[in-house]
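In what follows, a structure is listed as structure tokens, so that the remarks can point back to it.
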Amino acid sequence: MARFCPLFSGSSGNCYYIGSAEHGVLIDAGKNAKQITEALQRCKIPIHAIEGIFVTHEHSDHVSGLRVFASRHKIPVYASNGTMAALQDMGILNGKFPANALSLEGMECAGMYIKPFHIPHDCAEGYGYRLMTEDGRGVSIATDLGYMTAEIREAVTGSDLIVLESNHDIGMLRNGPYPYALKQRILSGMGHLSNLSCAEELCRFVRTGTTRFWLAHLSQENNTPELAYQTSLCSLTMAGMKENLDYQLAVAPRSNDAGKVMIF
């Protein structure tokens, strides 16, 4: 059976495990190697089960543990050409682990087919990922989105599980302590998806067959798990959809609750 383990999610670090109990991959490695190892242990996932690390983009909250973790365990790393170039410039590609550019055609790894799609974000060349597990389950990771594009919608539609960014409450962001330039970056088409924008997309995805959702990449300063959850719940309820009947909704942990496992 397929396993999804949201090890970490948020502005301080991102890392997800997808696969089975014996074979799988990580999406990003945005915490240090010790933290990732401990989170995997809490999920009862052995290190040797990880057959690849697929990187979304080069920002530190997605790659801060990549060099040490991949080097220590000799795990292959995959990302777009643009991200690979950025990782090279950052000194992360140290020659101690395989590093391979991944085309939009995708590839097989750990018994799954993994197909990337572009994300609009202020990075070199960001990817989201859709994974088809050994038992035919579709899992999509779509975070760090300035806005929802037609390419992303097409790529993730029909997934059994979608991890979708619900980064900030617009009011909290606008009235919060961030400098004006940073607020504008987050709100821009190359920034992050708000709670409201996320909630609107969930209704579309439920109508096209997705039944499981994790809200992800919540801002520590401009959001709360309860606010993100309630925003999506309200939107889905107003659309006539019932939780635990038409869909399941959860919030991915930042760190202190790492260790949750969804088996489906």
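Here, A, B, ... name the chains of the structure tokens in the order displayed, residue numbers run from 1 inside each chain, and ligands are numbered from 1 in the same displayed order.
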Skip stretch 181-184 of chain A itself and residues of its chain fewer than 2 positions away, then list as a VMD selection string all residues within 12 Å of it, counting only C-alpha atoms. chain A and resid 146 168 to 179 186 to 192 221 to 222
To test your reading of the structure, identify every residue in stretch 190-242 of chain A that backbone DSSP assigns to alpha helix (DSSP H), and report it as a PyMOL selection string. chain A and resi 195-207+225-238
Create the file for the chosen residues now, containing N, CA and C atoms and written as a PDB file, in the first residue's frame.
ATOM      1  N   ASN A 195      -4.280  31.262   1.451  1.00  0.00           N
ATOM      2  CA  ASN A 195      -5.325  30.361   1.938  1.00  0.00           C
ATOM      3  C   ASN A 195      -6.546  30.397   1.033  1.00  0.00           C
ATOM      4  N   LEU A 196      -6.961  31.613   0.657  1.00  0.00           N
ATOM      5  CA  LEU A 196      -8.166  31.760  -0.144  1.00  0.00           C
ATOM      6  C   LEU A 196      -7.999  31.135  -1.523  1.00  0.00           C
ATOM      7  N   SER A 197      -6.860  31.370  -2.167  1.00  0.00           N
ATOM      8  CA  SER A 197      -6.620  30.794  -3.494  1.00  0.00           C
ATOM      9  C   SER A 197      -6.557  29.277  -3.423  1.00  0.00           C
ATOM     10  N   CYS A 198      -5.932  28.763  -2.382  1.00  0.00           N
ATOM     11  CA  CYS A 198      -5.873  27.314  -2.182  1.00  0.00           C
ATOM     12  C   CYS A 198      -7.274  26.744  -2.032  1.00  0.00           C
ATOM     13  N   ALA A 199      -8.090  27.380  -1.201  1.00  0.00           N
ATOM     14  CA  ALA A 199      -9.443  26.884  -0.935  1.00  0.00           C
ATOM     15  C   ALA A 199     -10.279  26.817  -2.206  1.00  0.00           C
ATOM     16  N   GLU A 200     -10.119  27.812  -3.064  1.00  0.00           N
ATOM     17  CA  GLU A 200     -10.870  27.825  -4.322  1.00  0.00           C
ATOM     18  C   GLU A 200     -10.465  26.657  -5.211  1.00  0.00           C
ATOM     19  N   GLU A 201      -9.181  26.326  -5.204  1.00  0.00           N
ATOM     20  CA  GLU A 201      -8.712  25.221  -6.044  1.00  0.00           C
ATOM     21  C   GLU A 201      -9.193  23.868  -5.518  1.00  0.00           C
ATOM     22  N   LEU A 202      -9.284  23.722  -4.202  1.00  0.00           N
ATOM     23  CA  LEU A 202      -9.709  22.436  -3.647  1.00  0.00           C
ATOM     24  C   LEU A 202     -11.090  22.047  -4.148  1.00  0.00           C
ATOM     25  N   CYS A 203     -11.978  23.020  -4.272  1.00  0.00           N
ATOM     26  CA  CYS A 203     -13.329  22.718  -4.764  1.00  0.00           C
ATOM     27  C   CYS A 203     -13.268  22.133  -6.172  1.00  0.00           C
ATOM     28  N   ARG A 204     -12.422  22.692  -7.013  1.00  0.00           N
ATOM     29  CA  ARG A 204     -12.270  22.170  -8.379  1.00  0.00           C
ATOM     30  C   ARG A 204     -11.748  20.735  -8.351  1.00  0.00           C
ATOM     31  N   PHE A 205     -10.779  20.467  -7.482  1.00  0.00           N
ATOM     32  CA  PHE A 205     -10.166  19.145  -7.463  1.00  0.00           C
ATOM     33  C   PHE A 205     -11.100  18.087  -6.889  1.00  0.00           C
ATOM     34  N   VAL A 206     -11.936  18.452  -5.917  1.00  0.00           N
ATOM     35  CA  VAL A 206     -12.919  17.488  -5.415  1.00  0.00           C
ATOM     36  C   VAL A 206     -13.879  17.107  -6.536  1.00  0.00           C
ATOM     37  N   ARG A 207     -14.291  18.091  -7.323  1.00  0.00           N
ATOM     38  CA  ARG A 207     -15.229  17.817  -8.427  1.00  0.00           C
ATOM     39  C   ARG A 207     -14.627  16.883  -9.474  1.00  0.00           C
ATOM     40  N   PRO A 225      -2.249  26.967  11.388  1.00  0.00           N
ATOM     41  CA  PRO A 225      -2.881  25.752  10.864  1.00  0.00           C
ATOM     42  C   PRO A 225      -4.403  25.811  10.922  1.00  0.00           C
ATOM     43  N   GLU A 226      -4.950  26.334  12.003  1.00  0.00           N
ATOM     44  CA  GLU A 226      -6.400  26.399  12.137  1.00  0.00           C
ATOM     45  C   GLU A 226      -7.021  27.333  11.113  1.00  0.00           C
ATOM     46  N   LEU A 227      -6.378  28.470  10.864  1.00  0.00           N
ATOM     47  CA  LEU A 227      -6.907  29.425   9.888  1.00  0.00           C
ATOM     48  C   LEU A 227      -6.868  28.850   8.478  1.00  0.00           C
ATOM     49  N   ALA A 228      -5.769  28.202   8.121  1.00  0.00           N
ATOM     50  CA  ALA A 228      -5.673  27.579   6.801  1.00  0.00           C
ATOM     51  C   ALA A 228      -6.746  26.503   6.639  1.00  0.00           C
ATOM     52  N   TYR A 229      -6.880  25.673   7.664  1.00  0.00           N
ATOM     53  CA  TYR A 229      -7.865  24.587   7.626  1.00  0.00           C
ATOM     54  C   TYR A 229      -9.288  25.139   7.514  1.00  0.00           C
ATOM     55  N   GLN A 230      -9.622  26.123   8.323  1.00  0.00           N
ATOM     56  CA  GLN A 230     -10.978  26.658   8.334  1.00  0.00           C
ATOM     57  C   GLN A 230     -11.319  27.379   7.032  1.00  0.00           C
ATOM     58  N   THR A 231     -10.333  28.029   6.420  1.00  0.00           N
ATOM     59  CA  THR A 231     -10.574  28.703   5.141  1.00  0.00           C
ATOM     60  C   THR A 231     -10.960  27.694   4.070  1.00  0.00           C
ATOM     61  N   SER A 232     -10.216  26.601   3.988  1.00  0.00           N
ATOM     62  CA  SER A 232     -10.541  25.568   2.999  1.00  0.00           C
ATOM     63  C   SER A 232     -11.838  24.857   3.351  1.00  0.00           C
ATOM     64  N   LEU A 233     -12.029  24.554   4.624  1.00  0.00           N
ATOM     65  CA  LEU A 233     -13.252  23.877   5.047  1.00  0.00           C
ATOM     66  C   LEU A 233     -14.485  24.700   4.705  1.00  0.00           C
ATOM     67  N   CYS A 234     -14.425  26.003   4.954  1.00  0.00           N
ATOM     68  CA  CYS A 234     -15.555  26.877   4.658  1.00  0.00           C
ATOM     69  C   CYS A 234     -15.868  26.895   3.174  1.00  0.00           C
ATOM     70  N   SER A 235     -14.828  27.003   2.350  1.00  0.00           N
ATOM     71  CA  SER A 235     -15.025  27.035   0.907  1.00  0.00           C
ATOM     72  C   SER A 235     -15.647  25.736   0.411  1.00  0.00           C
ATOM     73  N   LEU A 236     -15.164  24.616   0.891  1.00  0.00           N
ATOM     74  CA  LEU A 236     -15.682  23.316   0.478  1.00  0.00           C
ATOM     75  C   LEU A 236     -17.116  23.112   0.964  1.00  0.00           C
ATOM     76  N   THR A 237     -17.396  23.544   2.180  1.00  0.00           N
ATOM     77  CA  THR A 237     -18.749  23.415   2.719  1.00  0.00           C
ATOM     78  C   THR A 237     -19.739  24.261   1.927  1.00  0.00           C
ATOM     79  N   MET A 238     -19.342  25.487   1.598  1.00  0.00           N
ATOM     80  CA  MET A 238     -20.216  26.365   0.822  1.00  0.00           C
ATOM     81  C   MET A 238     -20.475  25.808  -0.580  1.00  0.00           C
TER      82      MET A 238
END
Show me, as a compact mmCIF listing (two decimals) with all heavy atoms, in the first residue's frame, the residues that have an atom within 8 Å of A:Val163 when counting only C-alpha atoms, minus same-chain residues fewer than 5 positions from it.
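What landed in part14.txt:
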# COMPACT_ATOMS: atom_id res chain seq x y z
N VAL A 139 -0.14 10.74 -6.42
CA VAL A 139 0.15 11.72 -5.37
C VAL A 139 0.82 12.92 -6.03
O VAL A 139 1.80 12.76 -6.76
CB VAL A 139 1.07 11.13 -4.29
CG1 VAL A 139 1.35 12.17 -3.21
CG2 VAL A 139 0.48 9.87 -3.69
N SER A 140 0.31 14.12 -5.76
CA SER A 140 0.88 15.33 -6.34
C SER A 140 1.32 16.30 -5.26
O SER A 140 0.61 16.50 -4.27
CB SER A 140 -0.14 16.02 -7.26
OG SER A 140 -0.39 15.24 -8.41
N ILE A 141 2.49 16.90 -5.47
CA ILE A 141 3.04 17.91 -4.57
C ILE A 141 3.11 19.23 -5.34
O ILE A 141 3.83 19.34 -6.34
CB ILE A 141 4.47 17.55 -4.10
CG1 ILE A 141 4.52 16.13 -3.54
CG2 ILE A 141 4.97 18.58 -3.09
CD1 ILE A 141 3.88 15.94 -2.21
N ALA A 142 2.34 20.23 -4.89
CA ALA A 142 2.30 21.52 -5.58
C ALA A 142 2.37 22.64 -4.54
O ALA A 142 1.35 23.06 -3.99
CB ALA A 142 1.03 21.64 -6.42
N THR A 143 3.59 23.09 -4.26
CA THR A 143 3.79 24.19 -3.33
C THR A 143 4.67 25.25 -3.98
O THR A 143 5.18 25.05 -5.08
CB THR A 143 4.43 23.73 -2.00
OG1 THR A 143 5.78 23.27 -2.26
CG2 THR A 143 3.63 22.60 -1.37
N PHE A 213 -6.53 15.64 0.77
CA PHE A 213 -5.76 16.87 0.63
C PHE A 213 -4.94 17.13 1.89
O PHE A 213 -5.42 16.92 3.01
CB PHE A 213 -6.68 18.08 0.40
CG PHE A 213 -7.54 17.97 -0.83
CD1 PHE A 213 -8.84 17.52 -0.74
CD2 PHE A 213 -7.04 18.32 -2.09
CE1 PHE A 213 -9.64 17.41 -1.87
CE2 PHE A 213 -7.82 18.21 -3.21
CZ PHE A 213 -9.12 17.76 -3.11
N TRP A 214 -3.72 17.59 1.67
CA TRP A 214 -2.89 18.13 2.76
C TRP A 214 -2.57 19.58 2.41
O TRP A 214 -2.08 19.87 1.31
CB TRP A 214 -1.60 17.34 2.91
CG TRP A 214 -1.77 16.01 3.55
CD1 TRP A 214 -2.17 14.85 2.96
CD2 TRP A 214 -1.53 15.69 4.93
NE1 TRP A 214 -2.21 13.83 3.87
CE2 TRP A 214 -1.82 14.30 5.09
CE3 TRP A 214 -1.10 16.42 6.03
CZ2 TRP A 214 -1.69 13.65 6.31
CZ3 TRP A 214 -0.97 15.77 7.25
CH2 TRP A 214 -1.26 14.41 7.39
N LEU A 215 -2.86 20.49 3.33
CA LEU A 215 -2.49 21.89 3.16
C LEU A 215 -1.04 22.04 3.61
O LEU A 215 -0.67 21.58 4.69
CB LEU A 215 -3.40 22.79 4.00
CG LEU A 215 -4.91 22.60 3.77
CD1 LEU A 215 -5.70 23.55 4.65
CD2 LEU A 215 -5.26 22.79 2.30
N ALA A 216 -0.24 22.72 2.79
CA ALA A 216 1.21 22.68 3.02
C ALA A 216 1.86 24.04 2.91
O ALA A 216 1.26 25.01 2.43
CB ALA A 216 1.86 21.72 2.01
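Comparing the minimum interatomic distances between A:Met107 and each of A:Gly158, A:Tyr17, A:Phe54, A:Ala85, counting only C-alpha atoms, we find that A:Phe54 sits nearest.
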Any chance you could list, as a ChimeraX atom specification, the residues in stretch 84-121 of chain A that come up strand (DSSP E or B) when DSSP is run on the backbone? /A:99-101,107-109,112-118
Closest of A:Ser20, A:Thr211, A:Thr83, A:Ser159 to A:Ala250 - atom-to-atom distances counting only C-alpha atoms: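 Going through A:Ser20, A:Thr211, A:Thr83, A:Ser159 one by one, the smallest distance to A:Ala250 is for A:Thr211.
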Nearby residues (only C-alpha atoms) at most 9 Å from A:Phe4, same-chain spacing under 6 positions excluded, as a PDB file with N, CA, C and O atoms, in the first residue's frame:
ATOM      1  N   TYR A  16       9.101  15.521   2.221  1.00  0.00           N
ATOM      2  CA  TYR A  16       8.007  14.549   2.193  1.00  0.00           C
ATOM      3  C   TYR A  16       8.552  13.198   1.733  1.00  0.00           C
ATOM      4  O   TYR A  16       9.401  13.144   0.844  1.00  0.00           O
ATOM      5  N   TYR A  17       8.032  12.124   2.332  1.00  0.00           N
ATOM      6  CA  TYR A  17       8.337  10.776   1.869  1.00  0.00           C
ATOM      7  C   TYR A  17       7.110  10.202   1.187  1.00  0.00           C
ATOM      8  O   TYR A  17       5.989  10.273   1.721  1.00  0.00           O
ATOM      9  N   ILE A  18       7.315   9.592   0.009  1.00  0.00           N
ATOM     10  CA  ILE A  18       6.238   8.933  -0.721  1.00  0.00           C
ATOM     11  C   ILE A  18       6.764   7.589  -1.211  1.00  0.00           C
ATOM     12  O   ILE A  18       7.862   7.505  -1.761  1.00  0.00           O
ATOM     13  N   GLY A  19       5.963   6.537  -1.017  1.00  0.00           N
ATOM     14  CA  GLY A  19       6.360   5.218  -1.487  1.00  0.00           C
ATOM     15  C   GLY A  19       5.669   4.135  -0.701  1.00  0.00           C
ATOM     16  O   GLY A  19       4.508   4.268  -0.311  1.00  0.00           O
ATOM     17  N   SER A  20       6.389   3.071  -0.446  1.00  0.00           N
ATOM     18  CA  SER A  20       5.894   1.970   0.380  1.00  0.00           C
ATOM     19  C   SER A  20       6.774   1.884   1.616  1.00  0.00           C
ATOM     20  O   SER A  20       7.630   2.737   1.851  1.00  0.00           O
ATOM     21  N   VAL A 139      -0.142  10.739  -6.419  1.00  0.00           N
ATOM     22  CA  VAL A 139       0.146  11.720  -5.375  1.00  0.00           C
ATOM     23  C   VAL A 139       0.821  12.921  -6.027  1.00  0.00           C
ATOM     24  O   VAL A 139       1.802  12.758  -6.764  1.00  0.00           O
ATOM     25  N   LYS A 260       3.595  11.805  11.138  1.00  0.00           N
ATOM     26  CA  LYS A 260       2.303  11.341  10.665  1.00  0.00           C
ATOM     27  C   LYS A 260       2.476  10.522   9.391  1.00  0.00           C
ATOM     28  O   LYS A 260       3.332  10.812   8.574  1.00  0.00           O
ATOM     29  N   VAL A 261       1.657   9.500   9.239  1.00  0.00           N
ATOM     30  CA  VAL A 261       1.710   8.655   8.067  1.00  0.00           C
ATOM     31  C   VAL A 261       0.288   8.466   7.536  1.00  0.00           C
ATOM     32  O   VAL A 261      -0.618   8.154   8.308  1.00  0.00           O
ATOM     33  N   MET A 262       0.106   8.685   6.241  1.00  0.00           N
ATOM     34  CA  MET A 262      -1.158   8.360   5.605  1.00  0.00           C
ATOM     35  C   MET A 262      -0.939   7.144   4.727  1.00  0.00           C
ATOM     36  O   MET A 262      -0.088   7.153   3.841  1.00  0.00           O
ATOM     37  N   ILE A 263      -1.695   6.091   4.961  1.00  0.00           N
ATOM     38  CA  ILE A 263      -1.616   4.869   4.160  1.00  0.00           C
ATOM     39  C   ILE A 263      -2.911   4.784   3.359  1.00  0.00           C
ATOM     40  O   ILE A 263      -4.003   4.890   3.922  1.00  0.00           O
ATOM     41  N   PHE A 264      -2.782   4.620   2.051  1.00  0.00           N
ATOM     42  CA  PHE A 264      -3.992   4.602   1.212  1.00  0.00           C
ATOM     43  C   PHE A 264      -3.799   3.722  -0.001  1.00  0.00           C
ATOM     44  O   PHE A 264      -2.708   3.247  -0.257  1.00  0.00           O
TER      45      PHE A 264
END
Stretch 47-161 of chain A residues near stretch 7-14 of chain A within 10 Å, closest pair each, using only C-alpha atoms, as CSV:
residue,atom,partner,partner_atom,distance
A:Thr56,CA,A:Asn14,CA,10.0
A:His59,CA,A:Gly13,CA,9.8
A:Ser60,CA,A:Gly13,CA,7.8
A:Asp61,CA,A:Gly13,CA,4.2
A:His62,CA,A:Asn14,CA,5.3
A:Val63,CA,A:Asn14,CA,8.3
A:Ser64,CA,A:Gly13,CA,7.9
A:Gly65,CA,A:Gly13,CA,9.3
A:Thr143,CA,A:Ser9,CA,9.8
Restricting the calculation to only C-alpha atoms, which member of A:His121, A:Arg212, A:Arg3, A:Arg130 is positioned closest to A:Leu104?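 Using only C-alpha atoms, A:Leu104 sits closest to A:Arg130.
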Take atom CA of A:Arg185 and atom CA of A:Ala124 and report the distance between them in Å, one decimal.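 Rounded to one decimal, the two atoms are 15.5 Å apart.
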